[in-house]
Each structure stands twice: as C-alpha cells, then as structure tokens.
>>> print(open('coords-v4.cif').read())   # mmCIF, C-alpha atoms and all ligand atoms
data_entry
#
loop_
_atom_site.group_PDB
_atom_site.id
_atom_site.type_symbol
_atom_site.label_atom_id
_atom_site.label_comp_id
_atom_site.auth_asym_id
_atom_site.auth_seq_id
_atom_site.Cartn_x
_atom_site.Cartn_y
_atom_site.Cartn_z
ATOM 1 C CA MET A 1 130.997 20.342 114.578
ATOM 2 C CA ASN A 2 132.577 17.900 116.980
ATOM 3 C CA ASN A 3 134.596 15.340 115.040
ATOM 4 C CA GLU A 4 135.160 13.075 118.000
ATOM 5 C CA TYR A 5 132.608 10.314 117.796
ATOM 6 C CA PRO A 6 132.243 7.546 120.367
ATOM 7 C CA ASN A 7 131.719 4.963 117.624
ATOM 8 C CA GLU A 8 131.270 4.406 113.912
ATOM 9 C CA THR A 9 127.453 4.369 114.082
ATOM 10 C CA ILE A 10 127.325 7.878 115.535
ATOM 11 C CA ARG A 11 129.830 9.099 112.968
ATOM 12 C CA LEU A 12 127.707 7.655 110.160
ATOM 13 C CA LEU A 13 124.511 9.202 111.508
ATOM 14 C CA VAL A 14 126.040 12.636 112.004
ATOM 15 C CA GLU A 15 128.135 12.775 108.858
ATOM 16 C CA ARG A 16 125.589 11.364 106.409
ATOM 17 C CA ALA A 17 124.292 13.373 103.496
ATOM 18 C CA SER A 18 121.739 12.696 100.792
ATOM 19 C CA CYS A 19 123.263 11.404 97.571
ATOM 20 C CA ARG A 20 121.915 12.583 94.209
ATOM 21 C CA SER A 21 124.693 11.361 91.946
ATOM 22 C CA PHE A 22 125.225 7.637 91.539
ATOM 23 C CA ASP A 23 127.985 5.468 90.143
ATOM 24 C CA LEU A 24 127.035 3.013 87.391
ATOM 25 C CA ARG A 25 128.173 0.147 89.624
ATOM 26 C CA PRO A 26 125.145 -2.023 90.421
ATOM 27 C CA VAL A 27 124.212 -2.832 93.996
ATOM 28 C CA GLU A 28 125.146 -6.455 94.666
ATOM 29 C CA PRO A 29 122.048 -8.562 95.480
ATOM 30 C CA GLU A 30 123.503 -9.760 98.788
ATOM 31 C CA ILE A 31 124.306 -6.178 99.831
ATOM 32 C CA LEU A 32 120.798 -5.072 98.880
ATOM 33 C CA GLN A 33 119.358 -7.975 100.831
ATOM 34 C CA HIS A 34 121.170 -6.807 103.995
ATOM 35 C CA ILE A 35 119.741 -3.302 103.521
ATOM 36 C CA LEU A 36 116.197 -4.589 103.021
ATOM 37 C CA GLU A 37 116.490 -6.858 106.057
ATOM 38 C CA ALA A 38 117.698 -3.950 108.181
ATOM 39 C CA GLY A 39 114.600 -2.009 107.121
ATOM 40 C CA ILE A 40 112.075 -4.649 108.000
ATOM 41 C CA HIS A 41 113.682 -5.076 111.418
ATOM 42 C CA ALA A 42 112.882 -1.470 112.347
ATOM 43 C CA PRO A 43 110.572 -0.894 115.311
ATOM 44 C CA ASN A 44 106.905 -0.763 114.348
ATOM 45 C CA GLY A 45 103.616 -0.353 116.190
ATOM 46 C CA GLY A 46 102.491 -3.675 117.685
ATOM 47 C CA ASN A 47 104.851 -5.470 115.290
ATOM 48 C CA LEU A 48 102.117 -5.517 112.651
ATOM 49 C CA GLN A 49 104.389 -4.173 109.886
ATOM 50 C CA PRO A 50 101.645 -2.489 107.850
ATOM 51 C CA TYR A 51 103.910 -1.501 104.980
ATOM 52 C CA SER A 52 105.284 -2.807 101.705
ATOM 53 C CA VAL A 53 108.352 -1.800 99.764
ATOM 54 C CA ILE A 54 108.348 -1.972 95.971
ATOM 55 C CA LYS A 55 111.899 -2.546 94.720
ATOM 56 C CA ILE A 56 112.502 -1.180 91.226
ATOM 57 C CA GLU A 57 115.580 -1.986 89.160
ATOM 58 C CA ASN A 58 113.972 -1.880 85.724
ATOM 59 C CA ASP A 59 115.260 1.092 83.693
ATOM 60 C CA ASP A 60 111.984 1.731 81.852
ATOM 61 C CA THR A 61 110.056 1.924 85.105
ATOM 62 C CA LYS A 62 112.680 4.258 86.590
ATOM 63 C CA ARG A 63 112.415 6.543 83.564
ATOM 64 C CA ARG A 64 108.641 6.708 84.010
ATOM 65 C CA LEU A 65 109.169 7.630 87.640
ATOM 66 C CA VAL A 66 111.303 10.665 86.703
ATOM 67 C CA ASP A 67 108.244 12.400 85.222
ATOM 68 C CA LEU A 68 106.133 11.495 88.225
ATOM 69 C CA CYS A 69 108.697 13.133 90.501
ATOM 70 C CA GLY A 70 108.775 16.547 88.868
ATOM 71 C CA GLY A 71 111.581 15.605 86.462
ATOM 72 C CA GLN A 72 114.192 14.720 89.115
ATOM 73 C CA LYS A 73 116.580 13.006 86.722
ATOM 74 C CA TYR A 74 118.642 11.165 89.319
ATOM 75 C CA VAL A 75 115.620 8.894 89.897
ATOM 76 C CA ALA A 76 116.528 7.138 86.627
ATOM 77 C CA GLN A 77 120.240 7.095 87.437
ATOM 78 C CA ALA A 78 119.963 5.296 90.764
ATOM 79 C CA PRO A 79 120.533 1.539 90.415
ATOM 80 C CA VAL A 80 117.766 0.784 92.922
ATOM 81 C CA VAL A 81 114.579 2.694 93.610
ATOM 82 C CA LEU A 82 112.461 1.711 96.595
ATOM 83 C CA VAL A 83 108.872 2.874 96.975
ATOM 84 C CA PHE A 84 107.664 2.681 100.581
ATOM 85 C CA CYS A 85 103.925 2.235 100.985
ATOM 86 C CA ILE A 86 101.549 2.004 103.893
ATOM 87 C CA ASP A 87 100.037 -1.439 103.344
ATOM 88 C CA TRP A 88 96.910 -2.471 105.215
ATOM 89 C CA HIS A 89 95.917 -4.734 102.322
ATOM 90 C CA ARG A 90 98.014 -7.670 103.533
ATOM 91 C CA THR A 91 96.788 -7.318 107.113
ATOM 92 C CA ALA A 92 93.162 -6.965 105.990
ATOM 93 C CA ARG A 93 93.499 -10.177 103.978
ATOM 94 C CA TRP A 94 95.053 -11.924 106.970
ATOM 95 C CA ALA A 95 92.194 -10.779 109.198
ATOM 96 C CA ASP A 96 89.641 -11.846 106.620
ATOM 97 C CA LEU A 97 91.218 -15.284 106.143
ATOM 98 C CA GLU A 98 91.259 -15.782 109.897
ATOM 99 C CA ARG A 99 87.766 -14.355 110.438
ATOM 100 C CA ALA A 100 89.175 -11.583 112.644
ATOM 101 C CA PRO A 101 87.514 -8.146 112.883
ATOM 102 C CA PHE A 102 89.292 -5.387 110.975
ATOM 103 C CA THR A 103 88.867 -1.584 110.952
ATOM 104 C CA ALA A 104 92.451 -0.316 110.542
ATOM 105 C CA THR A 105 91.719 1.622 107.327
ATOM 106 C CA SER A 106 88.827 3.374 109.099
ATOM 107 C CA SER A 107 91.055 4.452 111.976
ATOM 108 C CA PHE A 108 93.149 7.582 112.188
ATOM 109 C CA ARG A 109 95.128 5.958 115.009
ATOM 110 C CA ALA A 110 96.098 3.039 112.802
ATOM 111 C CA PHE A 111 96.902 5.340 109.883
ATOM 112 C CA TRP A 112 99.112 7.537 112.037
ATOM 113 C CA ILE A 113 101.089 4.597 113.376
ATOM 114 C CA SER A 114 101.399 2.900 109.993
ATOM 115 C CA LEU A 115 102.833 6.081 108.480
ATOM 116 C CA GLN A 116 105.497 6.088 111.178
ATOM 117 C CA ASP A 117 106.159 2.363 110.707
ATOM 118 C CA THR A 118 106.688 2.885 106.989
ATOM 119 C CA VAL A 119 109.101 5.769 107.445
ATOM 120 C CA LEU A 120 111.070 3.994 110.173
ATOM 121 C CA CYS A 121 111.498 1.005 107.860
ATOM 122 C CA ALA A 122 112.833 3.374 105.195
ATOM 123 C CA GLN A 123 115.163 5.171 107.569
ATOM 124 C CA ASN A 124 116.686 1.899 108.807
ATOM 125 C CA MET A 125 117.508 1.148 105.168
ATOM 126 C CA VAL A 126 119.102 4.588 104.781
ATOM 127 C CA THR A 127 121.407 3.938 107.722
ATOM 128 C CA ALA A 128 122.153 0.380 106.600
ATOM 129 C CA ALA A 129 123.011 1.687 103.132
ATOM 130 C CA ASP A 130 125.306 4.362 104.599
ATOM 131 C CA SER A 131 127.073 1.740 106.694
ATOM 132 C CA LEU A 132 127.784 -0.318 103.567
ATOM 133 C CA GLY A 133 129.226 2.602 101.619
ATOM 134 C CA LEU A 134 126.099 3.285 99.565
ATOM 135 C CA GLY A 135 124.314 6.598 99.192
ATOM 136 C CA SER A 136 120.608 7.360 99.208
ATOM 137 C CA VAL A 137 118.077 10.141 98.884
ATOM 138 C CA TYR A 138 114.384 10.281 99.679
ATOM 139 C CA ILE A 139 112.000 11.502 96.999
ATOM 140 C CA GLY A 140 108.880 12.918 98.591
ATOM 141 C CA SER A 141 107.198 14.199 95.465
ATOM 142 C CA VAL A 142 105.413 10.862 94.991
ATOM 143 C CA ILE A 143 102.600 12.698 96.774
ATOM 144 C CA GLU A 144 101.788 14.428 93.476
ATOM 145 C CA SER A 145 101.422 11.141 91.584
ATOM 146 C CA PHE A 146 99.610 8.653 93.791
ATOM 147 C CA ARG A 147 97.274 7.435 91.039
ATOM 148 C CA GLU A 148 99.996 7.010 88.417
ATOM 149 C CA LEU A 149 102.186 5.128 90.891
ATOM 150 C CA ARG A 150 99.335 2.852 91.819
ATOM 151 C CA GLU A 151 98.886 1.996 88.166
ATOM 152 C CA ILE A 152 102.581 1.456 87.370
ATOM 153 C CA LEU A 153 103.262 -0.567 90.509
ATOM 154 C CA GLU A 154 99.895 -2.384 90.424
ATOM 155 C CA LEU A 155 99.136 -1.452 94.013
ATOM 156 C CA PRO A 156 95.991 -3.049 95.412
ATOM 157 C CA ASP A 157 93.345 -1.314 97.522
ATOM 158 C CA LYS A 158 94.556 -0.139 100.976
ATOM 159 C CA VAL A 159 98.127 0.389 99.758
ATOM 160 C CA LEU A 160 99.260 4.019 99.748
ATOM 161 C CA PRO A 161 102.693 5.212 98.550
ATOM 162 C CA VAL A 162 104.487 7.328 101.158
ATOM 163 C CA VAL A 163 107.985 8.058 99.965
ATOM 164 C CA MET A 164 110.588 6.846 97.510
ATOM 165 C CA LEU A 165 114.243 6.122 98.229
ATOM 166 C CA LEU A 166 117.039 6.055 95.659
ATOM 167 C CA LEU A 167 119.955 3.778 96.444
ATOM 168 C CA GLY A 168 123.353 3.231 94.892
ATOM 169 C CA TYR A 169 127.062 3.721 95.211
ATOM 170 C CA PRO A 170 127.773 7.451 95.338
ATOM 171 C CA ARG A 171 129.688 9.242 92.640
ATOM 172 C CA GLY A 172 131.838 11.480 94.837
ATOM 173 C CA LYS A 173 131.122 12.579 98.369
ATOM 174 C CA PRO A 174 127.759 14.340 98.675
ATOM 175 C CA PRO A 175 127.887 17.746 100.399
ATOM 176 C CA ARG A 176 126.640 17.856 103.983
ATOM 177 C CA GLN A 177 123.799 20.182 104.931
ATOM 178 C CA LYS A 178 123.841 22.170 108.133
ATOM 179 C CA ARG A 179 121.395 21.441 110.928
ATOM 180 C CA LEU A 180 119.929 23.510 113.738
ATOM 181 C CA ALA A 181 121.850 23.367 117.013
ATOM 182 C CA THR A 182 120.612 20.622 119.343
ATOM 183 C CA ARG A 183 119.784 23.316 121.910
ATOM 184 C CA LEU A 184 117.076 24.746 119.652
ATOM 185 C CA VAL A 185 115.490 21.413 118.796
ATOM 186 C CA VAL A 186 115.766 19.469 122.044
ATOM 187 C CA HIS A 187 113.962 20.994 125.023
ATOM 188 C CA ASP A 188 114.875 20.081 128.580
ATOM 189 C CA GLU A 189 111.770 18.827 130.331
ATOM 190 C CA LYS A 190 109.452 21.520 128.911
ATOM 191 C CA TYR A 191 109.140 23.485 125.703
ATOM 192 C CA ARG A 192 111.529 26.457 125.745
ATOM 193 C CA GLU A 193 110.657 29.455 123.597
ATOM 194 C CA PRO A 194 113.888 31.029 122.291
ATOM 195 C CA SER A 195 114.122 34.818 121.995
ATOM 196 C CA ASP A 196 113.616 36.290 118.503
ATOM 197 C CA GLU A 197 117.327 37.024 118.433
ATOM 198 C CA GLU A 198 118.330 33.442 119.286
ATOM 199 C CA LEU A 199 115.873 32.036 116.772
ATOM 200 C CA LEU A 200 116.982 34.301 113.927
ATOM 201 C CA ASP A 201 120.630 33.770 114.743
ATOM 202 C CA ALA A 202 120.238 29.969 114.689
ATOM 203 C CA LEU A 203 118.424 30.081 111.358
ATOM 204 C CA ARG A 204 120.962 32.474 109.854
ATOM 205 C CA LYS A 205 123.684 30.014 110.837
ATOM 206 C CA LYS A 206 121.767 27.149 109.260
ATOM 207 C CA TYR A 207 120.987 29.035 106.064
ATOM 208 C CA PRO A 208 123.936 31.398 105.579
ATOM 209 C CA TRP A 209 122.797 32.563 102.144
ATOM 210 C CA GLN A 210 120.557 35.122 100.493
ATOM 211 C CA ARG A 211 118.815 35.290 97.133
ATOM 212 C CA GLN A 212 119.040 38.174 94.719
ATOM 213 C CA ALA A 213 116.026 40.502 94.808
ATOM 214 C CA THR A 214 115.325 40.644 91.075
ATOM 215 C CA ASP A 215 112.152 42.451 89.943
ATOM 216 C CA GLU A 216 110.741 39.134 88.751
ATOM 217 C CA ALA A 217 111.349 37.364 92.068
ATOM 218 C CA LEU A 218 109.915 40.313 93.986
ATOM 219 C CA GLU A 219 106.788 40.309 91.875
ATOM 220 C CA LYS A 220 106.262 36.572 92.356
ATOM 221 C CA LEU A 221 106.869 36.783 96.077
ATOM 222 C CA ALA A 222 104.510 39.765 96.459
ATOM 223 C CA ALA A 223 101.806 37.867 94.571
ATOM 224 C CA VAL A 224 102.127 34.874 96.911
ATOM 225 C CA CYS A 225 102.004 37.165 99.972
ATOM 226 C CA ARG A 226 98.925 38.949 98.616
ATOM 227 C CA THR A 227 97.118 35.649 98.022
ATOM 228 C CA VAL A 228 97.919 34.260 101.440
ATOM 229 C CA HIS A 229 97.878 37.275 103.770
ATOM 230 C CA GLY A 230 96.538 40.237 101.755
ATOM 231 C CA PRO A 231 97.987 43.456 100.242
ATOM 232 C CA GLN A 232 99.345 45.013 103.434
ATOM 233 C CA PHE A 233 101.435 41.945 104.212
ATOM 234 C CA ALA A 234 102.715 41.890 100.610
ATOM 235 C CA ASP A 235 103.798 45.555 100.947
ATOM 236 C CA GLU A 236 105.583 44.743 104.213
ATOM 237 C CA CYS A 237 107.412 41.811 102.636
ATOM 238 C CA VAL A 238 108.545 43.910 99.660
ATOM 239 C CA ALA A 239 109.577 46.795 101.948
ATOM 240 C CA ARG A 240 111.658 44.363 104.040
ATOM 241 C CA ILE A 241 113.424 43.042 100.948
ATOM 242 C CA ARG A 242 114.095 46.580 99.627
ATOM 243 C CA ARG A 243 115.503 47.553 103.029
ATOM 244 C CA ASP A 244 117.752 44.468 103.265
ATOM 245 C CA GLY A 245 118.662 44.365 99.581
ATOM 246 C CA PHE A 246 118.077 40.583 99.314
ATOM 247 C CA ILE A 247 115.478 37.824 99.599
ATOM 248 C CA SER A 248 115.993 35.960 102.861
ATOM 249 C CA PRO A 249 115.927 32.148 103.126
ATOM 250 C CA ALA A 250 112.489 32.171 104.846
ATOM 251 C CA GLN A 251 111.045 34.412 102.125
ATOM 252 C CA TRP A 252 112.584 32.216 99.465
ATOM 253 C CA TYR A 253 111.466 28.914 101.030
ATOM 254 C CA PHE A 254 107.811 29.843 101.561
ATOM 255 C CA GLY A 255 107.393 32.510 98.909
ATOM 256 C CA LEU A 256 109.200 30.967 95.950
ATOM 257 C CA TRP A 257 110.087 27.337 96.618
ATOM 258 C CA TYR A 258 107.510 25.560 98.837
ATOM 259 C CA ARG A 259 105.090 28.329 97.871
ATOM 260 C CA ALA A 260 102.726 29.106 100.740
ATOM 261 C CA ASP A 261 99.777 29.583 98.364
ATOM 262 C CA VAL A 262 100.337 26.225 96.626
ATOM 263 C CA LEU A 263 101.347 24.310 99.766
ATOM 264 C CA ALA A 264 97.954 24.643 101.412
ATOM 265 C CA GLU A 265 95.957 23.958 98.252
ATOM 266 C CA GLY A 266 94.123 20.763 97.383
ATOM 267 C CA ASN A 267 93.538 19.328 100.857
ATOM 268 C CA GLU A 268 90.070 18.143 99.953
ATOM 269 C CA ALA A 269 91.403 16.429 96.844
ATOM 270 C CA PHE A 270 93.840 14.516 99.070
ATOM 271 C CA VAL A 271 90.979 13.407 101.282
ATOM 272 C CA ASP A 272 89.101 12.158 98.202
ATOM 273 C CA LEU A 273 92.251 10.405 97.074
ATOM 274 C CA MET A 274 92.585 8.735 100.449
ATOM 275 C CA GLU A 275 89.119 7.276 100.015
ATOM 276 C CA GLU A 276 89.979 6.167 96.505
ATOM 277 C CA PHE A 277 92.910 4.224 97.972
ATOM 278 C CA GLY A 278 90.643 2.451 100.459
ATOM 279 C CA PHE A 279 91.127 4.632 103.545
ATOM 280 C CA ASP A 280 88.213 6.367 105.291
ATOM 281 C CA TRP A 281 89.671 7.268 108.692
ATOM 282 C CA PHE A 282 88.665 10.929 108.205
ATOM 283 C CA LYS A 283 84.989 9.934 108.423
ATOM 284 C CA GLU A 284 83.109 9.046 111.582
ATOM 285 C CA TYR A 285 83.096 5.289 111.996
ATOM 286 C CA HIS A 286 79.701 3.623 112.318
ATOM 287 C CA PRO A 287 79.706 0.111 113.765
ATOM 288 C CA PHE A 288 77.550 -2.674 112.362
ATOM 289 C CA GLU A 289 74.296 -1.957 114.185
ATOM 290 C CA GLU A 290 74.355 1.744 113.327
ATOM 291 C CA ARG A 291 75.033 0.928 109.698
ATOM 292 C CA GLU A 292 72.141 -1.539 109.715
ATOM 293 C CA ARG A 293 69.815 1.047 111.276
ATOM 294 C CA GLY A 294 70.964 3.644 108.721
ATOM 295 C CA SER A 295 70.247 1.380 105.763
ATOM 296 C CA ARG A 296 66.779 0.476 107.015
HETATM 297 C C1 LIG B 1 110.330 13.060 103.318
HETATM 298 C C2 LIG B 1 111.479 13.552 102.489
HETATM 299 C C3 LIG B 1 111.276 13.901 101.168
HETATM 300 C C4 LIG B 1 112.354 14.335 100.376
HETATM 301 N N1 LIG B 1 112.137 14.586 99.053
HETATM 302 C C5 LIG B 1 113.192 14.909 98.259
HETATM 303 C C6 LIG B 1 113.009 15.078 96.864
HETATM 304 O O1 LIG B 1 111.909 14.939 96.329
HETATM 305 N N2 LIG B 1 114.113 15.362 96.122
HETATM 306 C C7 LIG B 1 115.361 15.500 96.677
HETATM 307 O O2 LIG B 1 116.305 15.752 95.935
HETATM 308 N N3 LIG B 1 115.550 15.363 98.003
HETATM 309 C C8 LIG B 1 114.518 15.076 98.803
HETATM 310 N N4 LIG B 1 114.699 14.854 100.148
HETATM 311 C C9 LIG B 1 116.047 15.009 100.732
HETATM 312 C C10 LIG B 1 116.147 16.303 101.519
HETATM 313 O O3 LIG B 1 116.200 17.391 100.607
HETATM 314 C C11 LIG B 1 117.406 16.273 102.398
HETATM 315 O O4 LIG B 1 117.299 15.217 103.316
HETATM 316 C C12 LIG B 1 117.581 17.584 103.160
HETATM 317 O O5 LIG B 1 117.819 18.657 102.285
HETATM 318 C C13 LIG B 1 118.752 17.504 104.135
HETATM 319 O O6 LIG B 1 119.924 17.183 103.453
HETATM 320 P P1 LIG B 1 120.770 15.882 103.816
HETATM 321 O O7 LIG B 1 119.859 14.696 103.772
HETATM 322 O O8 LIG B 1 121.849 15.804 102.765
HETATM 323 O O9 LIG B 1 121.336 16.099 105.181
HETATM 324 C C14 LIG B 1 113.642 14.443 100.952
HETATM 325 C C15 LIG B 1 113.848 14.082 102.292
HETATM 326 C C16 LIG B 1 112.788 13.626 103.045
HETATM 327 C C17 LIG B 1 113.046 13.179 104.467
#
>>> encode(input="coords-v4.cif", output="structure tokens")
Amino acid sequence: MNNEYPNETIRLLVERASCRSFDLRPVEPEILQHILEAGIHAPNGGNLQPYSVIKIENDDTKRRLVDLCGGQKYVAQAPVVLVFCIDWHRTARWADLERAPFTATSSFRAFWISLQDTVLCAQNMVTAADSLGLGSVYIGSVIESFRELREILELPDKVLPVVMLLLGYPRGKPPRQKRLATRLVVHDEKYREPSDEELLDALRKKYPWQRQATDEALEKLAAVCRTVHGPQFADECVARIRRDGFISPAQWYFGLWYRADVLAEGNEAFVDLMEEFGFDWFKEYHPFEERERGSR
C-alpha cells in the first residue's frame, strides 16, 4: 500500500482499523463532546437529522449489552458505548406540535434516507475519534436484540436501533484488515465485470487464508449447502474442498460464519418488528379519504 499520503486526514482514513481492546483510561468529556459534535455535523437528507444517539457509560448497562450482542465481551470494556438509532419520533412530535402533515414512518423513501443519515453520523464520529487518538468498533448484532434494547434504553415509538459503536483509547495498535483493490470496487463510467480470474485473484489477495477441512466442518458446511441449494450442490461443495484440501474463505464465510441458511431466515419477523417499532413503510399507504372510505 502507498504510504505517501497528501495529508493527515487521508492517512487516518486509510490506516484506520477497528479497535476491540480498550485502555482503562476514560474518555475526557470535552474530547467526547468534540466527537459527538463531529457526528451531528455529518451530511443528512434535507438536514432533518432523523436520528438519536444513546450514550452509555454506565457499567451495568454495558454488561447487559454484552449478552445482547452475542457475548462480545469488549462491549463492557469500552469506556463509551454509543447506540445509533433512526429517530422519527422527535420529528413526528415537531410536526404534530406545529400542525404539519407527517408520513415519514409510512415511507420507504424516508426510511432509506434516515438509515443513511444515521450511519453517516456514526461514521463521522469514527473518523473524529481516530483523529483524536481514540479507537472504535461498530457492533452490528444489535439487530438480534431490538426489543431488549428498546426496553433498556427506554426508546419511544418510531425509534429504531441501527448500530452500536464502542469508543475508547486503544490498548495497543489494532491490526489492519486488507481491502479490495480500488480497481475492483470503483468502476469508470459504467459497471465493469471482471474476469473470473481477476475476481478470484483479488479475493485471494484480500483473504490470503484457508480453513482446515475437518470432518465436523465439512458436515456442517454440507448441511448448509443442502438446505440452501439442494444435495447436488452440497456434493459439489464437498468435492471442491476434498480436491483443494481446505475450506476456502467464501465457503467459510457463507457456510460456517454468516451461514447462508440462517442469514436469509426471519425476514417476516423483521417486518413485524418494524411495525412494532412504529414503522409501516412496507405497506401500501392509504391517504385520509381512502382510509375513511375503507372504515365506512
Ligand atoms: C455495520 C457494521 C457492523 C459491525 N459489527 C461488528 C460486530 O458486531 N463485532 C465486531 O467485532 N466488529 C463488527 N464490525 C467491524 C467489522 O468487523 C470491521 O469493520 C471489518 O472487519 C473491517 O475491519 P477494520 O474496520 O479493522 O478495517 C462491524 C462493522 C460494521 C460497519
């Protein structure tokens, strides 16, 4: 990688790495304030800022969060935990107080933009934290514990957790992860399909490791393949592993880690959950007169 950077910002952005081991040193309130300010100054659709950030420094709360995040222990070790939420509650109240019409929670467009707004706010804080010598890591597994989070954080209707961010001074320098070459990700003018060879080569460079093909792993992987694509595909996967003598990163990622059979499960439950949180953008919207006609 090119170590010549035109300025410190580019160096920070390119050399950053997620931090999962934190020093006991607390984050000074004025430093934290700068980070939070940097977040809320991120670009956002129409400058509506439909998000809220719950700042957690209480140790008991952090310990409860560990269980909600699949036992990721560093959640309790980080001095500051931030939970980023889409928040249409505040805007809905504003509209109501001002007698303005409001349908944002019934709109996929609004949901889509507010998700981006929330993440951009978080990412500004990540960069601000890096620039001040702090480390951070996102925790995405909040998606498995929406209800519990709502209860612990006392989230009102129309507030949906998106992602968590751990912040603190790093204990040691976190290892950097490789990325795909820019050429594969950025397309000049139009989408460019790489050859199979180029694609595989780029991914082998990014993930230069293999996993051992133990009988147990093979059995698990074959079962996932069978569930998702049927017995013939499972046989092909196993034959490929026997031929190569190892489990490849793609097989490991989607067969054993972000398991393809589990990944696509429960979509309807998420839709129900959405409704429970006060969002109904997945339903057809019926304006006032139609609703009146329907109820007659
Ligand atoms: C949306 C999102 C969710 C993530 N969730 C987790 C998580 O639950 N636990 C974790 O340790 N890291 C999590 N990460 C961090 C990624 O694993 C990390 O960014 C990725 O492996 C690249 O490594 P790097 O950030 O060090 O470059 C998450 C990152 C993002 C953007």
>>> residues_around(input="coords-v4.cif", residues="range 261-273 of chain A", least_positions_apart="6", cutoff="12 Å", atoms="only C-alpha atoms", output="PyMOL selection string")
chain A and resi 143-147+150+157-161+220-230+253-255+279-283
>>> resolve_selection(input="coords-v4.cif", expression="the PyMOL selection byres (((chain A and resi 12-29) around 7) and not hetatm)", output="PyMOL selection string")
chain A and resi 8-11+30-33+74+77-79+130-131+135-137+168-171+174-177
>>> write_last_selection(input="coords-v4.cif", atoms="C-alpha atoms", output="PDB file, keeping the file's coordinate frame")
ATOM      1  CA  GLU A   8     131.270   4.406 113.912  1.00  0.00           C
ATOM      2  CA  THR A   9     127.453   4.369 114.082  1.00  0.00           C
ATOM      3  CA  ILE A  10     127.325   7.878 115.535  1.00  0.00           C
ATOM      4  CA  ARG A  11     129.830   9.099 112.968  1.00  0.00           C
ATOM      5  CA  GLU A  30     123.503  -9.760  98.788  1.00  0.00           C
ATOM      6  CA  ILE A  31     124.306  -6.178  99.831  1.00  0.00           C
ATOM      7  CA  LEU A  32     120.798  -5.072  98.880  1.00  0.00           C
ATOM      8  CA  GLN A  33     119.358  -7.975 100.831  1.00  0.00           C
ATOM      9  CA  TYR A  74     118.642  11.165  89.319  1.00  0.00           C
ATOM     10  CA  GLN A  77     120.240   7.095  87.437  1.00  0.00           C
ATOM     11  CA  ALA A  78     119.963   5.296  90.764  1.00  0.00           C
ATOM     12  CA  PRO A  79     120.533   1.539  90.415  1.00  0.00           C
ATOM     13  CA  ASP A 130     125.306   4.362 104.599  1.00  0.00           C
ATOM     14  CA  SER A 131     127.073   1.740 106.694  1.00  0.00           C
ATOM     15  CA  GLY A 135     124.314   6.598  99.192  1.00  0.00           C
ATOM     16  CA  SER A 136     120.608   7.360  99.208  1.00  0.00           C
ATOM     17  CA  VAL A 137     118.077  10.141  98.884  1.00  0.00           C
ATOM     18  CA  GLY A 168     123.353   3.231  94.892  1.00  0.00           C
ATOM     19  CA  TYR A 169     127.062   3.721  95.211  1.00  0.00           C
ATOM     20  CA  PRO A 170     127.773   7.451  95.338  1.00  0.00           C
ATOM     21  CA  ARG A 171     129.688   9.242  92.640  1.00  0.00           C
ATOM     22  CA  PRO A 174     127.759  14.340  98.675  1.00  0.00           C
ATOM     23  CA  PRO A 175     127.887  17.746 100.399  1.00  0.00           C
ATOM     24  CA  ARG A 176     126.640  17.856 103.983  1.00  0.00           C
ATOM     25  CA  GLN A 177     123.799  20.182 104.931  1.00  0.00           C
TER      26      GLN A 177
END
>>> residues_around(input="coords-v4.cif", residues="Lys55 in chain A", least_positions_apart="5", cutoff="8 Å", atoms="only C-alpha atoms", output="list in words")
Val80, Val81, Leu82 and Val83 of chain A
>>> write_last_selection(input="coords-v4.cif", atoms="C-alpha atoms", output="PDB file, in the coordinates of the input")
ATOM      1  CA  VAL A  80     117.766   0.784  92.922  1.00  0.00           C
ATOM      2  CA  VAL A  81     114.579   2.694  93.610  1.00  0.00           C
ATOM      3  CA  LEU A  82     112.461   1.711  96.595  1.00  0.00           C
ATOM      4  CA  VAL A  83     108.872   2.874  96.975  1.00  0.00           C
TER       5      VAL A  83
END
>>> axis_aligned_box(input="coords-v4.cif", around="range 227-235 of chain A", padding_each_side="5 Å", output="JSON")
{"center_x": 100.2, "center_y": 39.9, "center_z": 101.1, "size_x": 17.3, "size_y": 21.3, "size_z": 16.2}
>>> atom_distance(input="coords-v4.cif", atom1="CA of Leu203 in chain A", atom2="CA of Ser248 in chain A")
10.6 Å
>>> residues_around(input="coords-v4.cif", residues="range 101-117 of chain A", least_positions_apart="3", cutoff="12 Å", atoms="all atoms listed in the file", output="PyMOL selection string")
chain A and resi 39-53+84-98+120-124+157-163+274-288
>>> atom_distance(input="coords-v4.cif", atom1="CA of Ala76 in chain A", atom2="CA of Leu165 in chain A")
11.9 Å
>>> closest_residue(input="coords-v4.cif", among="A:Arg240, A:Arg64, A:Arg211, A:Lys206", to="ligand LIG 1 (chain B)", atoms="all atoms listed in the file")
A:Lys206
>>> resolve_selection(input="coords-v4.cif", expression="the PyMOL selection byres (((chain A and resi 181) around 12) and not hetatm)", output="list of chain:residue names")
A:Met1, A:Lys178, A:Arg179, A:Leu180, A:Thr182, A:Arg183, A:Leu184, A:Val185, A:Val186, A:His187, A:Glu198, A:Leu199, A:Asp201, A:Ala202, A:Leu203, A:Arg204, A:Lys205, A:Lys206
>>> closest_residue(input="coords-v4.cif", among="A:Gly133, A:Pro249, A:Pro6, A:Gly140", to="ligand LIG 1 (chain B)", atoms="only C-alpha atoms and all ligand atoms")
A:Gly140
>>> closest_residue(input="coords-v4.cif", among="A:Leu155, A:Glu148, A:Met125, A:Leu166", to="Val75 in chain A", atoms="all atoms listed in the file")
A:Leu166
>>> resolve_selection(input="coords-v4.cif", expression="the PyMOL selection byres (((chain A and resi 218) around 10) and not hetatm)", output="VMD selection string")
chain A and resid 212 to 217 219 to 224 234 237 to 238 241 to 242 246 to 247 255 to 256
>>> atom_distance(input="coords-v4.cif", atom1="atom C11 of ligand LIG 1 (chain B)", atom2="CA of Ala129 in chain A")
15.6 Å
>>> closest_residue(input="coords-v4.cif", among="A:Asp59, A:Asp67, A:Asp188, A:Glu289", to="ligand LIG 1 (chain B)", atoms="all atoms listed in the file")
A:Asp67
>>> closest_residue(input="coords-v4.cif", among="A:Leu167, A:Ile152, A:Ala100, A:Ala239", to="Leu65 in chain A", atoms="only C-alpha atoms")
A:Ile152
>>> closest_residue(input="coords-v4.cif", among="A:Ala260, A:Ile56, A:Leu68, A:Leu153", to="ligand LIG 1 (chain B)", atoms="all atoms listed in the file")
A:Leu68
